[in-house]
Amino acid sequence: MKAGSTTTIISGHEGIRQAHGVIQPYIRETPVERVGALEAGEAEVWLKYENLQVTGSFKVRGALARIATLSDKEKRLGIVASSAGNHALGIAHACDIHGVPATIFIPKTIDPSRRRILEAAPVTLEYVEGGYEACEKEALSRAVSEGVPFISPYNDPMVIAGQGSVGIEILHQIPHVDLIFLAVGGGGLAGGVAAYVKAVKPDVEVVGVSPANSAHMFDIVTGVPGEFTDHLETLSDSTAGPVQAGAVTIDLCKAFVDHWILVEEGDIAAAMRLLFFERRLVVEGAGALTTAAYLKEHERFQGKTCALVVCGGNIDPNKFLSLMSAKS
């Protein structure tokens, strides 16, 4: 844990426990599985299957935690959100449960499988040209003009608390864990899980993983000058896109992420194929980041028990089949 982190540990772990209690009736405690096919030397490798969560991603945890805090007036007026897909699915599910109207801004280029599910959900969709940044800008403007809450996929303490419930489950399921690998986009998952784990079991190390093509949080946390950063398309579209200036997750990632690993597009595709052919898992690009990172630097983790969070499985079937049939 880095110096000064006690100031941001947010009596946090208790808030995360409370959020977990609120959302438990509506989520799955996703299973963990030890996977020998990934193990090298004396390492012990476990996968945490958030791809089997009720909406196919961990994002529903944060959405449920935040929607539960709305006042009766806010629930009547509704909320606004922006998303590249998985947060939208979580918001739609949470709002359906609690009877809250929702308007969600999503890119026109959203994954077709996510689009189909959202179009069948009881929410209003606004399609935006461009990526997540454009969606967020439009959503924030709408929230201000209509006087309703904007629910960020990451820059919201209650959303972070909901995502942190993944850490509660990991420590319960794998009490001897040494390292937890987490995909990092806006940092909601990494910030929430790390804040909880560092408060309860500070010796556990947190490894943040991002695609090299779009490592916005890594660039911010490590101070990479803007002129040296190129942000390109990536298979890990769920972690792509810029981080909102001043986001609360920035300090959390600075304080609690012990190591960073960036993975190339070929690494991501290879990890997706390995998970499918070894475990019959259908995962999206972001869901394969932690496996790709472990495989890339496995020699560093000899003798350690590693938990790799498979954060999501929402991917268009045609795209997935194409990747599976491609030569490695």
# chains A, B, ... in the order shown; residues from 1 in each chain; ligands from 1

call {"tool": "closest_atom_pairs", "arguments": {"of": "region 168-216 of chain A", "to": "region 47-60 of chain A", "cutoff": "9 Å", "atoms": "only C-alpha atoms", "output": "JSON lines"}}
result
{"residue": "A:Ile170", "atom": "CA", "partner": "A:Lys48", "partner_atom": "CA", "distance": 7.6}
{"residue": "A:Gly188", "atom": "CA", "partner": "A:Lys59", "partner_atom": "CA", "distance": 9.0}
{"residue": "A:Leu189", "atom": "CA", "partner": "A:Phe58", "partner_atom": "CA", "distance": 8.1}

call {"tool": "write_last_selection", "arguments": {"atoms": "C-alpha atoms", "output": "PDB file, in the first residue's frame"}}
result
ATOM      1  CA  ILE A 170     -12.766 -13.321  -3.440  1.00  0.00           C
ATOM      2  CA  GLY A 188     -14.433   1.436 -10.612  1.00  0.00           C
ATOM      3  CA  LEU A 189     -13.704  -2.274 -10.237  1.00  0.00           C
TER       4      LEU A 189
END

call {"tool": "select_by_dssp", "arguments": {"residues": "region 95-270 of chain A", "states": "alpha helix (DSSP H)", "output": "VMD selection string"}}
result
chain A and resid 95 to 98 112 to 119 132 to 146 157 to 173 188 to 200 216 to 222 248 to 256 265 to 270

call {"tool": "closest_residue", "arguments": {"among": "A:Glu133, A:Glu264, A:Glu138, A:Asp111", "to": "Gly313 (chain A)", "atoms": "only C-alpha atoms"}}
result
A:Asp111

call {"tool": "closest_residue", "arguments": {"among": "A:Ala161, A:Val45, A:Ala102, A:Met217", "to": "Ala19 (chain A)", "atoms": "only C-alpha atoms"}}
result
A:Ala161

call {"tool": "residues_around", "arguments": {"residues": "region 180-182 of chain A", "least_positions_apart": "3", "cutoff": "6 Å", "atoms": "only C-alpha atoms", "output": "list in words"}}
result
Ala190, Val206, Val207, Gly208, Val209, Thr290, Cys306, Ala307, Leu308 and Val309 of chain A

call {"tool": "closest_residue", "arguments": {"among": "A:Ala37, A:Ile27, A:Val32, A:Ala84", "to": "Glu278 (chain A)", "atoms": "only C-alpha atoms"}}
result
A:Ala37

call {"tool": "closest_residue", "arguments": {"among": "A:Ala68, A:Met324, A:Ala94, A:Ala194", "to": "Cys253 (chain A)", "atoms": "only C-alpha atoms"}}
result
A:Ala194

call {"tool": "select_by_dssp", "arguments": {"residues": "region 166-312 of chain A", "states": "strand (DSSP E)", "output": "list of chain:residue names"}}
result
A:Leu179, A:Ile180, A:Phe181, A:Leu182, A:Ala183, A:Glu205, A:Val206, A:Val207, A:Gly208, A:Val209, A:Ser210, A:Pro211, A:His259, A:Trp260, A:Ile261, A:Leu262, A:Val263, A:Thr305, A:Cys306, A:Ala307, A:Leu308, A:Val309, A:Val310

call {"tool": "atom_distance", "arguments": {"atom1": "CA of Pro101 (chain A)", "atom2": "CA of Val123 (chain A)"}}
result
6.6 Å

call {"tool": "residues_around", "arguments": {"residues": "Val35 (chain A)", "least_positions_apart": "3", "cutoff": "9 Å", "atoms": "only C-alpha atoms", "output": "VMD selection string"}}
result
chain A and resid 38 to 39 44 to 47 279

call {"tool": "residues_around", "arguments": {"residues": "Ala271 (chain A)", "least_positions_apart": "3", "cutoff": "7 Å", "atoms": "only C-alpha atoms", "output": "PyMOL selection string"}}
result
chain A and resi 267-268+274-275+288+291-292

call {"tool": "closest_atom_pairs", "arguments": {"of": "region 64-183 of chain A", "to": "region 239-246 of chain A", "cutoff": "10 Å", "atoms": "only C-alpha atoms", "output": "Markdown table"}}
result
| residue | atom | partner | partner_atom | distance |
| --- | --- | --- | --- | --- |
| A:Ala84 | CA | A:Ala240 | CA | 8.6 |
| A:Gly131 | CA | A:Gly241 | CA | 7.1 |
| A:Tyr132 | CA | A:Gly241 | CA | 5.8 |
| A:Glu133 | CA | A:Gly241 | CA | 6.4 |
| A:Ala134 | CA | A:Gly241 | CA | 9.8 |
| A:Glu136 | CA | A:Gln244 | CA | 9.0 |
| A:Ser152 | CA | A:Gln244 | CA | 9.6 |
| A:Tyr154 | CA | A:Val243 | CA | 9.0 |
| A:Asn155 | CA | A:Gln244 | CA | 7.5 |
| A:Ala183 | CA | A:Thr239 | CA | 7.4 |

call {"tool": "write_last_selection", "arguments": {"atoms": "C-alpha atoms", "output": "mmCIF file, in the first residue's frame"}}
result
data_model
loop_
_atom_site.group_PDB
_atom_site.id
_atom_site.type_symbol
_atom_site.label_atom_id
_atom_site.label_comp_id
_atom_site.auth_asym_id
_atom_site.auth_seq_id
_atom_site.Cartn_x
_atom_site.Cartn_y
_atom_site.Cartn_z
ATOM 1 C CA ALA A 84 -20.190 1.506 -24.043
ATOM 2 C CA GLY A 131 -17.092 6.679 -28.432
ATOM 3 C CA TYR A 132 -17.687 6.752 -24.682
ATOM 4 C CA GLU A 133 -16.389 10.298 -24.199
ATOM 5 C CA ALA A 134 -19.058 11.707 -26.530
ATOM 6 C CA GLU A 136 -20.679 10.914 -21.353
ATOM 7 C CA SER A 152 -21.283 7.231 -13.965
ATOM 8 C CA TYR A 154 -16.979 4.537 -12.291
ATOM 9 C CA ASN A 155 -16.865 8.112 -10.952
ATOM 10 C CA ALA A 183 -9.170 -5.126 -15.595
#

call {"tool": "closest_residue", "arguments": {"among": "A:Ile315, A:Ala293, A:Val193, A:Val283", "to": "Gly162 (chain A)", "atoms": "only C-alpha atoms"}}
result
A:Val193

call {"tool": "closest_residue", "arguments": {"among": "A:Leu235, A:Leu89, A:Leu70, A:Leu281", "to": "Val263 (chain A)", "atoms": "only C-alpha atoms"}}
result
A:Leu235

call {"tool": "residues_around", "arguments": {"residues": "Gly303 (chain A)", "least_positions_apart": "4", "cutoff": "12 Å", "atoms": "only C-alpha atoms", "output": "NGL selection string"}}
result
:A and (39-45 or 177-179 or 298-299)

call {"tool": "decode", "arguments": {"residues": "region 32-74 of chain A", "atoms": "C-alpha atoms", "output": "PDB file, in the first residue's frame"}}
result
ATOM      1  CA  VAL A  32     -14.223 -19.340  -8.644  1.00  0.00           C
ATOM      2  CA  GLU A  33     -12.330 -22.206 -10.220  1.00  0.00           C
ATOM      3  CA  ARG A  34      -8.717 -23.301 -10.039  1.00  0.00           C
ATOM      4  CA  VAL A  35      -7.377 -23.706 -13.576  1.00  0.00           C
ATOM      5  CA  GLY A  36      -4.344 -25.946 -13.909  1.00  0.00           C
ATOM      6  CA  ALA A  37      -3.980 -25.123 -17.605  1.00  0.00           C
ATOM      7  CA  LEU A  38      -2.866 -21.627 -16.607  1.00  0.00           C
ATOM      8  CA  GLU A  39      -0.504 -22.602 -13.831  1.00  0.00           C
ATOM      9  CA  ALA A  40       3.245 -22.408 -14.313  1.00  0.00           C
ATOM     10  CA  GLY A  41       5.701 -23.797 -11.758  1.00  0.00           C
ATOM     11  CA  GLU A  42       4.442 -23.452  -8.202  1.00  0.00           C
ATOM     12  CA  ALA A  43       1.793 -20.831  -8.897  1.00  0.00           C
ATOM     13  CA  GLU A  44      -1.868 -21.424  -8.042  1.00  0.00           C
ATOM     14  CA  VAL A  45      -4.290 -19.732 -10.444  1.00  0.00           C
ATOM     15  CA  TRP A  46      -7.997 -19.165  -9.860  1.00  0.00           C
ATOM     16  CA  LEU A  47     -10.534 -17.562 -12.171  1.00  0.00           C
ATOM     17  CA  LYS A  48     -13.397 -15.482 -10.743  1.00  0.00           C
ATOM     18  CA  TYR A  49     -16.285 -15.764 -13.193  1.00  0.00           C
ATOM     19  CA  GLU A  50     -17.992 -12.372 -13.301  1.00  0.00           C
ATOM     20  CA  ASN A  51     -18.851 -13.229 -16.911  1.00  0.00           C
ATOM     21  CA  LEU A  52     -21.527 -15.416 -15.287  1.00  0.00           C
ATOM     22  CA  GLN A  53     -23.048 -12.451 -13.429  1.00  0.00           C
ATOM     23  CA  VAL A  54     -26.753 -11.758 -14.071  1.00  0.00           C
ATOM     24  CA  THR A  55     -26.044  -9.271 -16.884  1.00  0.00           C
ATOM     25  CA  GLY A  56     -22.846 -10.951 -18.042  1.00  0.00           C
ATOM     26  CA  SER A  57     -20.605  -8.429 -16.267  1.00  0.00           C
ATOM     27  CA  PHE A  58     -19.627  -7.127 -12.814  1.00  0.00           C
ATOM     28  CA  LYS A  59     -21.080  -3.721 -13.743  1.00  0.00           C
ATOM     29  CA  VAL A  60     -24.537  -4.609 -12.445  1.00  0.00           C
ATOM     30  CA  ARG A  61     -23.167  -4.606  -8.892  1.00  0.00           C
ATOM     31  CA  GLY A  62     -22.393  -0.893  -8.994  1.00  0.00           C
ATOM     32  CA  ALA A  63     -25.598  -0.027 -10.809  1.00  0.00           C
ATOM     33  CA  LEU A  64     -27.719  -1.809  -8.202  1.00  0.00           C
ATOM     34  CA  ALA A  65     -25.838  -0.191  -5.311  1.00  0.00           C
ATOM     35  CA  ARG A  66     -26.302   3.310  -6.738  1.00  0.00           C
ATOM     36  CA  ILE A  67     -29.954   2.947  -7.787  1.00  0.00           C
ATOM     37  CA  ALA A  68     -30.779   1.754  -4.265  1.00  0.00           C
ATOM     38  CA  THR A  69     -29.644   5.131  -2.853  1.00  0.00           C
ATOM     39  CA  LEU A  70     -32.053   7.246  -4.940  1.00  0.00           C
ATOM     40  CA  SER A  71     -34.703   9.237  -3.118  1.00  0.00           C
ATOM     41  CA  ASP A  72     -38.359   8.602  -3.885  1.00  0.00           C
ATOM     42  CA  LYS A  73     -38.426  11.817  -5.946  1.00  0.00           C
ATOM     43  CA  GLU A  74     -35.344  10.777  -7.933  1.00  0.00           C
TER      44      GLU A  74
END
